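This is data-v4.cif. It holds mmCIF, C-alpha atoms.
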data_query
loop_
_atom_site.label_atom_id
_atom_site.label_comp_id
_atom_site.auth_asym_id
_atom_site.auth_seq_id
_atom_site.Cartn_x
_atom_site.Cartn_y
_atom_site.Cartn_z
CA MET P 1 0.00 0.00 0.00
CA LEU P 2 1.35 3.38 -0.99
CA GLY P 3 0.67 6.50 1.05
CA ILE P 4 1.18 9.90 -0.55
CA GLU P 5 0.93 13.16 1.35
CA ILE P 6 1.28 16.16 -0.89
CA GLN P 7 2.26 19.53 0.49
CA ASP P 8 -0.18 22.40 -0.17
CA ASP P 9 1.84 23.95 -2.98
CA SER P 10 2.33 20.48 -4.55
CA SER P 11 6.10 20.90 -4.72
CA ARG P 12 6.78 18.23 -2.11
CA ALA P 13 5.25 14.80 -1.47
CA ALA P 14 5.98 12.35 1.32
CA LEU P 15 5.67 8.71 0.25
CA SER P 16 5.08 5.86 2.66
CA GLY P 17 4.61 2.11 2.37
CA GLN P 18 5.43 0.47 -0.95
CA LEU P 19 6.01 1.93 -4.38
CA VAL P 20 5.34 -1.03 -6.69
CA PHE P 21 3.62 -1.48 -10.02
CA SER P 22 0.14 -1.93 -8.58
CA GLU P 23 0.35 1.59 -7.12
CA ASN P 24 0.94 3.20 -10.49
CA LEU P 25 -2.40 5.00 -10.65
CA ALA P 26 -1.99 6.71 -7.25
CA PHE P 27 1.55 7.67 -8.11
CA ARG P 28 0.62 9.04 -11.53
CA GLN P 29 -2.11 11.20 -10.00
CA ALA P 30 0.30 12.63 -7.44
CA ALA P 31 2.94 13.13 -10.12
CA SER P 32 0.49 15.07 -12.29
CA ARG P 33 -0.34 17.41 -9.41
CA MET P 34 3.33 18.02 -8.74
CA ILE P 35 4.12 18.70 -12.38
CA ALA P 36 1.16 21.07 -12.60
CA SER P 37 2.51 23.06 -9.66
CA LYS P 38 5.07 24.58 -12.06
CA ARG P 39 7.58 24.60 -9.22
CA LYS P 40 11.16 24.33 -10.37
CA GLN P 41 12.03 21.73 -7.79
CA LEU P 42 9.82 18.76 -6.93
CA VAL P 43 10.83 16.87 -3.79
CA LEU P 44 9.83 13.31 -3.00
CA ASP P 45 10.42 12.54 0.67
CA LEU P 46 11.13 8.80 0.89
CA LEU P 47 11.75 8.62 4.64
CA ASN P 48 8.76 6.37 5.29
CA LEU P 49 8.84 4.46 2.04
CA ASP P 50 9.89 0.95 3.06
CA PHE P 51 9.90 -0.91 -0.27
CA ILE P 52 10.36 -0.12 -3.93
CA ASP P 53 10.56 -2.48 -6.92
CA SER P 54 11.88 -2.06 -10.44
CA ALA P 55 8.49 -0.77 -11.57
CA GLY P 56 8.57 1.81 -8.76
CA LEU P 57 12.02 2.90 -9.92
CA GLY P 58 10.58 3.13 -13.41
CA MET P 59 7.82 5.40 -12.17
CA LEU P 60 10.38 7.72 -10.58
CA LEU P 61 12.12 7.85 -13.96
CA LEU P 62 8.88 8.65 -15.74
CA LEU P 63 8.27 11.51 -13.29
CA ARG P 64 11.79 12.76 -13.97
CA GLU P 65 11.18 12.59 -17.71
CA GLU P 66 7.94 14.56 -17.39
CA ALA P 67 9.57 17.09 -15.06
CA MET P 68 12.49 17.64 -17.44
CA ARG P 69 10.04 18.32 -20.24
CA ASN P 70 8.67 21.12 -18.06
CA GLN P 71 12.07 22.43 -16.94
CA GLN P 72 11.56 21.02 -13.46
CA GLU P 73 13.93 18.99 -11.31
CA VAL P 74 13.03 15.97 -9.14
CA VAL P 75 14.84 15.56 -5.81
CA LEU P 76 14.72 12.26 -3.92
CA SER P 77 15.09 12.82 -0.22
CA ASN P 78 15.77 10.63 2.84
CA ALA P 79 15.78 7.17 1.23
CA GLN P 80 16.33 4.42 3.80
CA SER P 81 17.20 0.73 3.88
CA GLN P 82 15.86 -1.25 0.89
CA VAL P 83 14.86 1.90 -1.00
CA LYS P 84 18.31 3.41 -0.55
CA ARG P 85 19.93 0.20 -1.79
CA MET P 86 17.69 0.03 -4.85
CA LEU P 87 18.56 3.63 -5.75
CA GLU P 88 22.25 2.77 -5.39
CA ILE P 89 22.02 -0.40 -7.50
CA SER P 90 20.25 1.55 -10.23
CA ARG P 91 22.78 4.38 -10.01
CA PHE P 92 20.07 6.95 -9.50
CA GLU P 93 22.64 9.40 -8.17
CA THR P 94 23.54 9.98 -11.83
CA LEU P 95 19.95 10.90 -12.67
CA PHE P 96 18.47 12.61 -9.63
CA ARG P 97 19.64 14.92 -6.93
CA LEU P 98 19.62 12.75 -3.80
CA GLN P 99 19.31 14.35 -0.38
CA SER P 100 19.80 12.61 2.95
CA MET B 1 -11.06 -29.42 -4.11
CA PRO B 2 -11.88 -28.91 -7.76
CA GLY B 3 -10.34 -26.18 -9.86
CA PRO B 4 -7.32 -25.62 -12.03
CA GLY B 5 -5.10 -24.50 -9.15
CA ARG B 6 -5.60 -27.83 -7.44
CA SER B 7 -4.75 -29.90 -10.46
CA GLN B 8 -1.60 -27.88 -11.06
CA ALA B 9 -0.57 -28.28 -7.44
CA ALA B 10 -0.70 -32.01 -7.85
CA GLN B 11 1.77 -31.67 -10.70
CA ALA B 12 4.25 -29.56 -8.76
CA PRO B 13 7.79 -30.93 -8.93
CA GLY B 14 8.55 -33.11 -5.98
CA ALA B 15 4.98 -33.02 -4.78
CA SER B 16 3.81 -36.26 -6.27
CA GLY B 17 4.03 -39.21 -3.99
CA SER B 18 5.64 -37.22 -1.20
CA SER B 19 4.17 -36.61 2.18
CA ILE B 20 3.00 -33.10 2.86
CA THR B 21 3.71 -31.62 6.23
CA TRP B 22 2.55 -28.31 7.54
CA ASP B 23 3.61 -26.35 10.56
CA PRO B 24 1.16 -23.51 11.00
CA GLU B 25 2.60 -22.63 14.38
CA HIS B 26 5.82 -21.43 12.74
CA THR B 27 4.35 -20.10 9.53
CA PRO B 28 1.16 -18.29 10.44
CA GLU B 29 1.25 -16.08 7.34
CA LEU B 30 1.41 -19.07 5.05
CA ALA B 31 -1.13 -20.84 7.17
CA ALA B 32 -3.44 -17.91 6.59
CA LEU B 33 -2.62 -18.21 2.90
CA VAL B 34 -3.72 -21.81 2.89
CA GLU B 35 -6.96 -20.98 4.61
CA LEU B 36 -7.63 -18.36 1.96
CA SER B 37 -6.65 -20.78 -0.73
CA VAL B 38 -9.65 -22.98 -0.12
CA SER B 39 -11.94 -20.22 -1.31
CA SER B 40 -9.71 -18.41 -3.75
CA ILE B 41 -7.97 -21.39 -5.34
CA ILE B 42 -4.47 -20.95 -4.08
CA GLU B 43 -2.47 -24.00 -3.25
CA ALA B 44 0.28 -24.06 -0.69
CA GLY B 45 2.17 -26.73 1.10
CA LEU B 46 5.43 -28.14 2.19
CA PHE B 47 6.65 -31.06 0.22
CA ALA B 48 9.37 -33.64 0.59
CA ARG B 49 12.22 -33.47 -1.89
CA GLY B 50 15.45 -34.51 -0.25
CA LEU B 51 15.94 -31.57 2.08
CA ALA B 52 12.29 -31.62 3.01
CA ALA B 53 12.98 -34.53 5.31
CA SER B 54 14.61 -32.02 7.64
CA GLY B 55 11.89 -29.48 7.01
CA ALA B 56 14.18 -27.33 4.86
CA ALA B 57 11.99 -26.93 1.81
CA LEU B 58 8.93 -25.05 0.77
CA CYS B 59 6.83 -25.13 -2.37
CA ILE B 60 3.84 -22.98 -3.18
CA VAL B 61 1.73 -23.24 -6.30
CA VAL B 62 -0.56 -20.34 -7.11
CA ARG B 63 -2.71 -19.20 -9.95
CA THR B 64 -1.50 -16.13 -11.81
CA SER B 65 -4.47 -14.04 -10.71
CA THR B 66 -3.82 -14.86 -7.06
CA ALA B 67 -0.11 -14.16 -7.35
CA TYR B 68 -0.85 -10.76 -8.90
CA ARG B 69 -3.23 -9.72 -6.16
CA ARG B 70 -1.44 -10.98 -3.07
CA PRO B 71 1.79 -9.63 -1.54
CA LEU B 72 3.28 -13.11 -1.90
CA ALA B 73 6.94 -12.08 -1.83
CA ARG B 74 6.51 -10.38 1.52
CA GLU B 75 4.46 -13.22 2.97
CA ILE B 76 7.00 -15.82 1.90
CA ALA B 77 9.95 -13.70 3.08
CA VAL B 78 8.32 -13.24 6.48
CA ALA B 79 7.62 -16.97 6.77
CA LEU B 80 11.16 -17.91 5.69
CA LYS B 81 12.66 -15.32 8.04
CA ARG B 82 10.96 -17.03 10.94
CA ARG B 83 11.65 -20.57 9.79
CA CYS B 84 15.29 -19.98 8.86
CA ASP B 85 16.12 -17.52 11.64
CA ILE B 86 17.64 -14.93 9.32
CA GLY B 87 18.15 -11.20 9.81
CA ASP B 88 16.09 -8.29 8.53
CA GLU B 89 18.52 -7.41 5.76
CA THR B 90 18.57 -10.91 4.28
CA ALA B 91 14.79 -11.07 4.52
CA LEU B 92 14.53 -7.79 2.61
CA ILE B 93 16.85 -9.10 -0.10
CA MET B 94 14.73 -12.26 -0.35
CA GLU B 95 11.56 -10.20 -0.59
CA THR B 96 13.06 -7.94 -3.26
CA VAL B 97 14.40 -10.68 -5.55
CA LEU B 98 11.32 -12.84 -5.10
CA HIS B 99 9.06 -9.90 -5.87
CA GLU B 100 11.02 -9.08 -9.03
CA ALA B 101 11.04 -12.71 -10.16
CA LEU B 102 7.32 -13.06 -9.47
CA MET B 103 6.42 -9.90 -11.36
CA ASN B 104 8.49 -11.05 -14.33
CA ALA B 105 6.85 -14.47 -14.20
CA ILE B 106 3.36 -12.99 -13.92
CA LEU B 107 3.56 -10.14 -16.42
CA HIS B 108 6.00 -11.40 -19.03
CA GLY B 109 5.65 -15.14 -18.43
CA ASN B 110 2.07 -16.14 -17.72
CA LEU B 111 0.31 -13.01 -18.99
CA GLY B 112 2.64 -12.74 -22.01
CA LEU B 113 2.99 -8.96 -21.83
CA ASN B 114 5.85 -6.95 -23.24
CA SER B 115 7.50 -4.36 -20.98
CA GLU B 116 7.81 -1.97 -23.92
CA ALA B 117 4.22 -1.08 -23.12
CA ARG B 118 5.49 0.63 -19.98
CA GLN B 119 7.50 3.35 -21.64
CA GLY B 120 5.91 6.67 -20.76
CA PHE B 121 3.34 7.65 -18.11
CA GLY B 122 0.57 7.54 -20.68
CA MET B 123 1.43 3.96 -21.60
CA LEU B 124 1.05 2.78 -18.00
CA ASP B 125 -2.71 3.09 -18.37
CA ARG B 126 -2.65 0.83 -21.40
CA PHE B 127 -0.35 -1.64 -19.69
CA GLN B 128 -2.65 -1.79 -16.64
CA SER B 129 -5.66 -2.33 -18.94
CA LEU B 130 -3.88 -5.21 -20.66
CA ILE B 131 -3.13 -6.81 -17.30
CA ASP B 132 -6.72 -6.41 -16.11
CA HIS B 133 -8.02 -7.81 -19.38
CA ARG B 134 -5.78 -10.88 -19.39
CA LEU B 135 -6.48 -11.60 -15.72
CA LYS B 136 -10.13 -11.98 -16.67
CA LEU B 137 -9.30 -14.69 -19.22
CA PRO B 138 -8.99 -18.17 -17.69
CA GLN B 139 -6.29 -19.21 -20.15
CA PHE B 140 -4.07 -16.56 -18.57
CA SER B 141 -5.38 -16.19 -15.01
CA ASN B 142 -5.34 -19.93 -14.30
CA LYS B 143 -1.76 -20.47 -15.40
CA PRO B 144 0.27 -21.72 -12.45
CA LEU B 145 3.31 -20.22 -10.82
CA VAL B 146 5.50 -22.50 -8.73
CA ILE B 147 7.55 -20.86 -6.00
CA GLY B 148 10.17 -22.97 -4.27
CA ALA B 149 12.64 -22.48 -1.44
CA THR B 150 15.26 -24.74 0.07
CA TRP B 151 17.83 -23.75 2.61
CA THR B 152 21.07 -24.81 4.24
CA SER B 153 23.18 -23.22 6.94
CA ARG B 154 24.81 -20.96 4.31
CA PHE B 155 22.26 -20.24 1.62
CA ILE B 156 18.60 -19.90 0.81
CA ASP B 157 17.75 -21.02 -2.70
CA LEU B 158 14.61 -19.52 -4.18
CA SER B 159 12.97 -20.44 -7.45
CA VAL B 160 10.05 -19.20 -9.50
CA ARG B 161 8.68 -21.15 -12.45
CA ASP B 162 6.07 -19.78 -14.81
CA ASP B 163 4.03 -21.37 -17.55
CA GLY B 164 4.73 -18.85 -20.30
CA THR B 165 6.52 -19.30 -23.58
CA GLY B 166 9.94 -18.64 -22.05
CA TYR B 167 12.58 -16.27 -23.31
CA SER B 168 16.25 -16.15 -24.07
CA ALA B 169 17.74 -15.49 -20.66
CA LYS B 170 21.05 -13.74 -20.86
CA PRO B 171 23.09 -12.10 -18.13
CA ARG B 172 21.76 -8.61 -17.74
CA ALA B 173 23.54 -5.38 -17.21
CA LEU B 174 21.43 -2.52 -15.95
CA PRO B 175 19.52 -1.07 -18.88
CA ASP B 176 20.10 2.41 -20.18
CA GLU B 177 19.99 4.21 -16.87
CA SER B 178 17.05 6.41 -17.70
CA ARG B 179 14.90 3.62 -19.19
CA ALA B 180 11.72 3.13 -17.19
CA SER B 181 11.54 -0.67 -17.53
CA GLY B 182 13.75 -3.71 -17.96
CA ARG B 183 15.77 -3.51 -14.76
CA GLY B 184 14.11 -6.31 -12.75
CA LEU B 185 16.57 -9.05 -13.71
CA ALA B 186 19.54 -6.72 -13.27
CA ILE B 187 18.35 -5.98 -9.72
CA ILE B 188 18.04 -9.69 -8.97
CA GLN B 189 21.56 -10.26 -10.25
CA ALA B 190 22.90 -7.41 -8.15
CA LEU B 191 21.33 -8.72 -4.94
CA ALA B 192 21.57 -12.51 -5.27
CA ALA B 193 24.77 -14.51 -4.73
CA ALA B 194 23.95 -16.51 -7.89
CA VAL B 195 21.19 -16.58 -10.49
CA SER B 196 20.43 -19.18 -13.13
CA PHE B 197 17.76 -19.58 -15.78
CA LYS B 198 16.43 -22.96 -16.87
CA GLU B 199 13.63 -24.48 -18.91
CA GLY B 200 13.97 -21.94 -21.69
CA GLY B 201 13.77 -19.01 -19.30
CA ARG B 202 10.63 -20.23 -17.55
CA LEU B 203 12.48 -21.13 -14.36
CA ILE B 204 14.68 -18.72 -12.43
CA GLU B 205 16.78 -19.91 -9.50
CA MET B 206 18.24 -17.40 -7.07
CA ARG B 207 20.74 -18.12 -4.32
CA ILE B 208 20.73 -15.78 -1.34
CA ALA B 209 23.59 -15.77 1.18
CA ARG B 210 22.32 -16.05 4.75
#

Please rewrite the model in this file as structure tokens.
Amino acid sequence: MLGIEIQDDSSRAALSGQLVFSENLAFRQAASRMIASKRKQLVLDLLNLDFIDSAGLGMLLLLREEAMRNQQEVVLSNAQSQVKRMLEISRFETLFRLQS
Amino acid sequence: MPGPGRSQAAQAPGASGSSITWDPEHTPELAALVELSVSSIIEAGLFARGLAASGAALCIVVRTSTAYRRPLAREIAVALKRRCDIGDETALIMETVLHEALMNAILHGNLGLNSEARQGFGMLDRFQSLIDHRLKLPQFSNKPLVIGATWTSRFIDLSVRDDGTGYSAKPRALPDESRASGRGLAIIQALAAAVSFKEGGRLIEMRIAR
């Protein structure tokens, strides 16, 4: 189950639970709101996200792609444990700004 | 119990002619799974195949539709963590590789879907529709998945076998870093101590260091 709490100005969202393929609709809806915010920097707070799979990583990449098209940047913040390891394996530090 | 899941369970490797033992006290999650299985056609059980004599083996046979809807990787990792007395980190690795292998087996194996359909946010809708459509068709939703685990003092060996058409399994490097799909096998290879593909790509075996 994926939890998404979006800040009022839609520039920041805190994810919790699992980001896996079956959550793609919820994630896409949140991503659309963030993109529509027109903010230059979009921050995903991953502190309470406890599991991500390859499809979840793919969704982060699709958000990045969409953001780049709109001259926006995606920042991944506070990844822990399994999520942190998955970002490392996939070398996401070359694609996103990562914040701890 | 009638139903396609049952007949497939009877054909599971190692299951025929072996005694089935079950220890619900130590595997409550899987016990719950079995209870559910009676109504939702999911088959689960321990079977004897060499190591099973010492209780060190597990085999679960599920229909594709059930595997798609249940958090099987987590349930199996939790059960194995308890049975094998392993740490949180190893359990998370098991859950991750099992989840990736299961999703590959479900989507690309038994449902016969191509991951190219996942390129682009807009295409996710179409991909989800294809999944939902195929899960409604018995020829796809009833296809079995066989999940196996054996363990020793050093390793846990996990396997997932699908009933798809197979594929040419080659060692994977991570895909183009910005590609939104195609990294599942590369993740498995990065986390597992060893990975092998058999039966024309329908069977994946993954060794996890304890």

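When only C-alpha atoms are used to compute distances to chain P, the closest of the residues B:Ser159, B:Thr165, B:Asn104, B:Asn142 turns out to be B:Asn104.
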
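Considering the residues P:Leu19, P:Leu44, P:Met86, P:Leu76 and counting only C-alpha atoms, chain B has its shortest atom-to-atom contact with P:Met86.
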
Please, what distance in Å, to one decimal, runs between atom CA of Arg210 of chain B and atom CA of Gly109 of chain B?
28.6 Å

Picked residues, the PyMOL selection byres ((chain P and resi 1) around 6), as a list of chain:residue names:
P:Leu2, P:Gly17, P:Gln18

Identify every residue of chain P that has at least one atom within 10 Å of any atom of chain B, counting all atoms listed in the file, and report the result as an MDAnalysis selection string.
chainID P and resid 1 20:22 24:25 28 31:32 50:66 81:82 85:86 89:92 94:95

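Comparing the minimum interatomic distances between Glu5 of chain P and each of P:Ala36, P:Val83, P:Met68, P:Leu49, counting all atoms listed in the file, we find that P:Leu49 sits nearest.
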
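Taking atom CA of Thr64 of chain B and atom CA of Cys84 of chain B as endpoints, the distance between them is 26.9 Å.
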
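The coordinates place atom CA of Asp162 of chain B at 13.5 Å from atom CA of Gln139 of chain B.
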
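Each of P:Leu42, P:Leu15, P:Leu87, P:Leu98 was checked against Gln71 of chain P using only C-alpha atoms; the smallest atom-to-atom distance is that of P:Leu42.
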
Distance criterion (only C-alpha atoms): nearest to Ala67 of chain B out of B:Gly87, B:Pro144, B:Gly112, B:Gly201
B:Pro144

Written as number ranges by chain, what is the full residue list that the PyMOL selection byres ((chain B and resi 209) around 8) yields on the file shown?
B: 90, 154-156, 192-193, 207-208, 210
